[in-house]
Amino acid sequence: MYARLHDVLSGQEANYMLPFYWQHGDHYETIPEEVERIYASGARALCVESRPHKDFCGETWWRDMDLILEESKKRGMKVWILDDDHFPTGHAVGHIAKYHPELRPWQLIERHVDVMGPLKDAMLTVEEKDGQHLICAYAYPRTGVGEVCENRPVCLTGNVKGHFLHFSLPEGCWRVFFLFKTREGSRHPDYIDMLNPESVRVLIDAVYEPHFAHYADYFGSTIVGFFSDEPSLGNDWYRTHSRDLGMYNRRVGMPGLALPWNDAIPDMMTASLGFDAAACLPALWFEQEGVTEIVRHAYMDAVTKLYRDCFTRQLGDWCLAHGVQYIGHIIEDMNAHARLGCSAGHYFRALDGQHMSGMDIVLHQIIPGMSDYIHSASSFGCDADPAFFDYVLAKLASSYAHIGTQMEGRAMCEVFGAYGWAEGTPVMKWLLDYLLVRGVNHFVPHAFSPAFPDPDCPPHFGVKGFDPQFEGYSRLMKYANCVSHLLTGGTHRADAAILYHADAEWMNLDGNAMLTQVPAKLLYDAHIDFDILPADCFTDDSGSRVFPARVENGCLCVGKQIYRVLIVPAAVVLPAKLEQALAALQSAGLPVIRLGVDAEPASLLSALEELFVPDITVEGAYPKLRICHYTADDAEVYMFSNESVTDGVDTTVTLTGACGTAVMLDLLNDSVCAVSAPDGRLALTLAPRQSVIAVFDRDAAASLPAVKNWTASSAPAFSFRIETAPYTDMEHFTLYAENVSADALFSLTGIDHMPEFSGRVRYTCTFDRADAPAAARLALDLGEVGQTSHLWCNGIDLGTRVCTPYRYELTDALRDGKNELVIEVSNTLANAIRDRFSAYLAIPATGLTGGMRWMV
């Protein structure tokens, strides 16, 4: 039997959950209780969230950490530590402002003046403000087209004397640029400078080293690593300009935007360009004939490599040297991952030093069922584009896990945070499946908090015993651990690779570079899996920690990954080195499809059909059926997830990589069965939101019963007694209604009932076995449930369900004559407790609300 399957079936799966445990500095006495609650949820690790603590790295912090570590070690739990006192990472506990103001971030800004020549012995005021340092001054002829300048710079730097620039210029319109480095234009002026290794070292000395000094004996055992939360380059506007497109869209080519700066950048750019970069720096804001694209690319290439080398590698290397790991994520939202400002310019380089790739899903960035609609969200801008969030975000993380030299297949997501109390287990389960099927396998649930009610980014799990969803949440943690275990340790199978769009966006003007999500959506809805590969796989000569690409037998090989085609999103221009690499790949026999050249997006799928038979094909139109495939040892492992919230799946999938008998695991419905796939053809039926795992392992499947295909039968003639227990005391129920028939069920929070009720609803009834269908095997589908159910039949606990299908097999619990059912349904705290985040989710009905059926 495949070892990981044996682990899951015997309850020995590893841990992949490390929830945030928020620290406020005022709950020392409850730390043992809180750690135990995290343990009871199924997590065997936690990440200490320092942000709310009032004394991070101070006396009470060490007091609290002493107890957290003691309680965690007692339970065999691992501890991660968030690495700063403020969000985002980079504040260094205030040490930059207090002790090292000289190490604050530098920005590059420009000021320009347009003059009409000829001019002889003219002057311009330099206007060098306090803290600004003039780098250079150049004049450029204007072309007369927009604000484009000719590439005929006249260096005037040596003509600056005191407060004036002295110059003479010939006839024509000229633009004179002054370039300054300054502390202006930073979102976080007292943060570390991500482009300066000495400045980044302040964070290590302020946070990492003190933790090692206090807890060296825990390092590598109980303490397993540090977590950076959304570090960024942090540049912002230094003067207003009409082109402000929002926080997620800070890019070169935006006049008025300060740009991250280090004195090493001009030399790095010059080495890349082959000519003096200083004369072309104004092209970072305004077009300059013939060089705009390559100058902007050279700058972004230099900045992102400095960020990589100075920040993420320095932290990651320190952790590695001290026996722990380094993890975290940047802001990826709405394509920010390849841009400046709130992010770090290049997703892969920004995480280069980490030991897991990383991402987050918070603030309603993804909402079940909304993959075809731009939708409201509590994130910046108040909306979210599913083209990015549903088709690219998680694939960035899993792709890097597959191709990163030190990732070892690990992809992490911070999840659930700031969705509000309205986020019940059906939403959480959908989000987990969204991540798992896309290759993410480590999770940081957000969050456990010692305070209740805590208005800071709910939901919070457990919350002193007042969380009606905690039972369902805990079931999900077990589920996610099992699925992660099955999908870890193997090799991901994907037919296609898509070139990461960062380089193209850096150097192409607006609208001239296609984003990764265009081909990604086409492929994914057609069940063609893919990874996203940075140009560094093909062109890098600076030691990026991604496996280099090679061509073997007409396929693209990157580490253990094998792809049958490389798809290049459309761009007017790409870096010369990348163009050479793409040509070499084609010459070596790799199919390379350049959108806009070799195929238009609309014809991409047809072009792929001519190249290969996909690893997986699906009969019928089921674009929201998501599938992943891993090969491990002698097993082939598949996950099938129906992301539709309204429509079921009833199809046959053809698997080119497997055939014969498989173990089918429907883990949330307590079903482990054998299923046959002759010639690789597997019959698949899924309810909305349902997911299953198929493991092709003949030895394991031989001793299992065949999968049961349940069919809806009659509606039960139950008469229910209904009782309620509020979230403040969920063990004591009071009568609400009696003699309610199964066909007259209603929402307990409906307009005529208790809209502000949060807690549990208990339904009890008796029925005669003779009144149920006379089938050898019998199940009950509860129909529409809001939101978590737990069922007992004749006192036998048949478990918890967290999403559709809310189906329970009763066969072994039934007896002749009278039978008793007890069903408890829990809703969320959103009805009783107001929070601003829940305003972005529909609050479901409460209880059993209809559609109950016998299943045979």
# chains A, B, ... in the order shown; residues from 1 in each chain; ligands from 1
>>> residues_around(residues="A:Phe219", least_positions_apart="6", cutoff="9 Å", atoms="only C-alpha atoms", output="list of chain:residue names")
A:Phe212, A:Gly225, A:His322, A:Gly323, A:Val324
>>> residues_around(residues="A:Phe538", least_positions_apart="3", cutoff="9 Å", atoms="only C-alpha atoms", output="list of chain:residue names")
A:Pro534, A:Ala535, A:Pro548, A:Ala549, A:Arg550, A:Lys577, A:Leu578, A:Ala581, A:Leu582, A:Leu585
>>> write_last_selection(atoms="N, CA and C atoms", output="CSV table (one decimal), in the first residue's frame")
chain,number,residue,atom,x,y,z
A,534,PRO,N,8.9,31.6,-14.0
A,534,PRO,CA,9.6,32.9,-14.3
A,534,PRO,C,10.6,32.8,-15.3
A,535,ALA,N,10.9,33.9,-15.9
A,535,ALA,CA,12.0,33.9,-16.9
A,535,ALA,C,13.3,33.5,-16.4
A,548,PRO,N,16.9,25.3,-13.3
A,548,PRO,CA,17.0,25.7,-14.7
A,548,PRO,C,16.2,24.8,-15.6
A,549,ALA,N,15.7,25.4,-16.7
A,549,ALA,CA,14.9,24.7,-17.6
A,549,ALA,C,15.9,24.0,-18.6
A,550,ARG,N,15.4,22.8,-19.1
A,550,ARG,CA,16.1,22.1,-20.2
A,550,ARG,C,15.0,21.4,-21.0
A,577,LYS,N,17.5,38.7,-23.9
A,577,LYS,CA,18.0,37.4,-23.4
A,577,LYS,C,16.9,36.4,-23.3
A,578,LEU,N,15.7,36.8,-23.0
A,578,LEU,CA,14.6,35.9,-22.9
A,578,LEU,C,14.2,35.5,-24.3
A,581,ALA,N,16.5,32.8,-25.3
A,581,ALA,CA,16.2,31.6,-24.6
A,581,ALA,C,15.0,30.9,-25.2
A,582,LEU,N,14.0,31.6,-25.6
A,582,LEU,CA,12.8,31.0,-26.2
A,582,LEU,C,13.2,30.4,-27.5
A,585,LEU,N,14.9,27.1,-26.9
A,585,LEU,CA,14.0,26.1,-26.6
A,585,LEU,C,13.3,25.5,-27.8
>>> closest_residue(among="A:Asp85, A:Glu34, A:Asp193, A:Asp7", to="A:Asn235", atoms="only C-alpha atoms")
A:Asp193
>>> closest_atom_pairs(of="stretch 690-799 of chain A", to="stretch 628-640 of chain A", cutoff="6 Å", atoms="only C-alpha atoms", output="tab-separated table")
residue	atom	partner	partner_atom	distance
A:Ser691	CA	A:Phe640	CA	5.5
A:Val692	CA	A:Phe640	CA	5.4
A:Ile693	CA	A:Met639	CA	4.5
A:Ala694	CA	A:Tyr638	CA	5.1
A:Val695	CA	A:Val637	CA	4.6
A:Phe696	CA	A:Glu636	CA	5.2
A:Asp697	CA	A:Ala635	CA	5.6
>>> closest_atom_pairs(of="stretch 385-471 of chain A", to="stretch 815-831 of chain A", cutoff="8 Å", atoms="only C-alpha atoms", output="tab-separated table")
residue	atom	partner	partner_atom	distance
A:Gly420	CA	A:Ala830	CA	7.5
A:Trp421	CA	A:Ala830	CA	4.7
A:Ala422	CA	A:Ala830	CA	4.8
A:Glu423	CA	A:Thr828	CA	7.4
A:Gly424	CA	A:Thr828	CA	6.0
A:Asp467	CA	A:Leu829	CA	6.9
A:Pro468	CA	A:Ser826	CA	5.5
A:Gln469	CA	A:Thr828	CA	6.1
>>> atom_distance(atom1="atom CA of A:Asp531", atom2="atom CA of A:Asp598")
20.2 Å
>>> closest_residue(among="A:Leu798, A:Gly328, A:Gly439, A:Thr516", to="A:Phe389", atoms="only C-alpha atoms")
A:Thr516
>>> atom_distance(atom1="atom CA of A:Val672", atom2="atom CA of A:Tyr479")
13.4 Å
>>> residues_around(residues="stretch 753-761 of chain A", least_positions_apart="6", cutoff="12 Å", atoms="only C-alpha atoms", output="ChimeraX atom specification")
/A:421-422,424,465-471,720-737,746-747,785-791,822-834,843-849
>>> residues_around(residues="stretch 447-459 of chain A", least_positions_apart="6", cutoff="10 Å", atoms="only C-alpha atoms", output="PyMOL selection string")
chain A and resi 18-28+30-31+33-35+37-38+46-49+52+362-363+414-424+466-467+828-830+833-838
>>> write_last_selection(atoms="C-alpha atoms", output="short mmCIF file (atom, residue, chain, number, x, y, z; two decimals), in the first residue's frame")
data_model
loop_
_atom_site.label_atom_id
_atom_site.label_comp_id
_atom_site.auth_asym_id
_atom_site.auth_seq_id
_atom_site.Cartn_x
_atom_site.Cartn_y
_atom_site.Cartn_z
CA LEU A 18 -0.12 26.25 11.75
CA PRO A 19 -2.86 28.71 12.73
CA PHE A 20 -2.14 32.22 13.90
CA TYR A 21 -2.35 32.57 17.67
CA TRP A 22 -2.78 36.26 18.40
CA GLN A 23 -0.96 37.79 21.35
CA HIS A 24 -2.29 40.84 23.18
CA GLY A 25 0.04 40.77 26.16
CA ASP A 26 -2.82 40.65 28.65
CA HIS A 27 -3.91 37.01 28.77
CA TYR A 28 -1.02 35.14 30.36
CA THR A 30 -5.33 31.69 29.64
CA ILE A 31 -2.37 30.66 27.47
CA GLU A 33 -6.29 26.93 27.68
CA GLU A 34 -5.72 28.60 24.31
CA VAL A 35 -2.89 26.26 23.30
CA ARG A 37 -7.89 24.67 22.12
CA ILE A 38 -5.56 24.91 19.13
CA LEU A 46 0.83 27.33 15.77
CA CYS A 47 2.21 30.62 14.55
CA VAL A 48 2.56 33.24 17.28
CA GLU A 49 1.10 36.47 15.88
CA PRO A 52 -1.36 42.99 18.70
CA VAL A 362 -8.29 37.18 3.17
CA LEU A 363 -10.76 40.06 2.91
CA GLU A 414 -2.73 32.23 5.21
CA VAL A 415 -6.46 31.66 4.95
CA PHE A 416 -9.91 32.54 6.35
CA GLY A 417 -8.92 35.89 7.89
CA ALA A 418 -11.12 39.00 7.73
CA TYR A 419 -14.07 37.23 6.14
CA GLY A 420 -16.12 37.96 9.24
CA TRP A 421 -18.15 35.73 11.53
CA ALA A 422 -20.40 34.96 8.54
CA GLU A 423 -17.69 32.68 7.14
CA GLY A 424 -19.01 29.27 8.12
CA PHE A 466 -18.54 30.41 22.25
CA ASP A 467 -17.95 29.39 18.61
CA THR A 828 -22.18 31.13 12.87
CA LEU A 829 -21.81 34.06 15.25
CA ALA A 830 -22.71 36.53 12.49
CA ILE A 833 -22.38 39.65 16.77
CA ARG A 834 -21.95 42.49 14.28
CA ASP A 835 -18.65 42.89 12.45
CA ARG A 836 -17.80 44.95 9.40
CA PHE A 837 -16.37 42.04 7.43
CA SER A 838 -19.55 39.95 7.52
#
>>> closest_residue(among="A:Ala350, A:Met1, A:Ile498, A:Val546", to="A:Phe311", atoms="only C-alpha atoms")
A:Ala350
>>> closest_residue(among="A:Thr125, A:Asn669, A:Asn739, A:Thr656", to="A:His112", atoms="only C-alpha atoms")
A:Thr125
>>> select_by_dssp(residues="stretch 238-396 of chain A", states="strand (DSSP E or B)", output="ChimeraX atom specification")
/A:257,259-261,288,325-329,357-361,375-376,383-384
>>> residues_around(residues="stretch 285-293 of chain A", least_positions_apart="5", cutoff="7 Å", atoms="only C-alpha atoms", output="list in words")
Glu147, Val148, Cys149, Glu150, Asn151, Val252, Gly253, Met254, Pro255, Met507 and Asn508 of chain A
>>> closest_residue(among="A:Arg152, A:His95, A:Arg762, A:His297", to="A:Ala279", atoms="only C-alpha atoms")
A:Arg152
>>> select_by_dssp(residues="stretch 10-180 of chain A", states="alpha helix (DSSP H)", output="PyMOL selection string")
chain A and resi 31-40+59-74+95-99
>>> residues_around(residues="A:Gly11", least_positions_apart="5", cutoff="10 Å", atoms="only C-alpha atoms", output="list of chain:residue names")
A:Leu5, A:His6, A:Lys478, A:Cys482
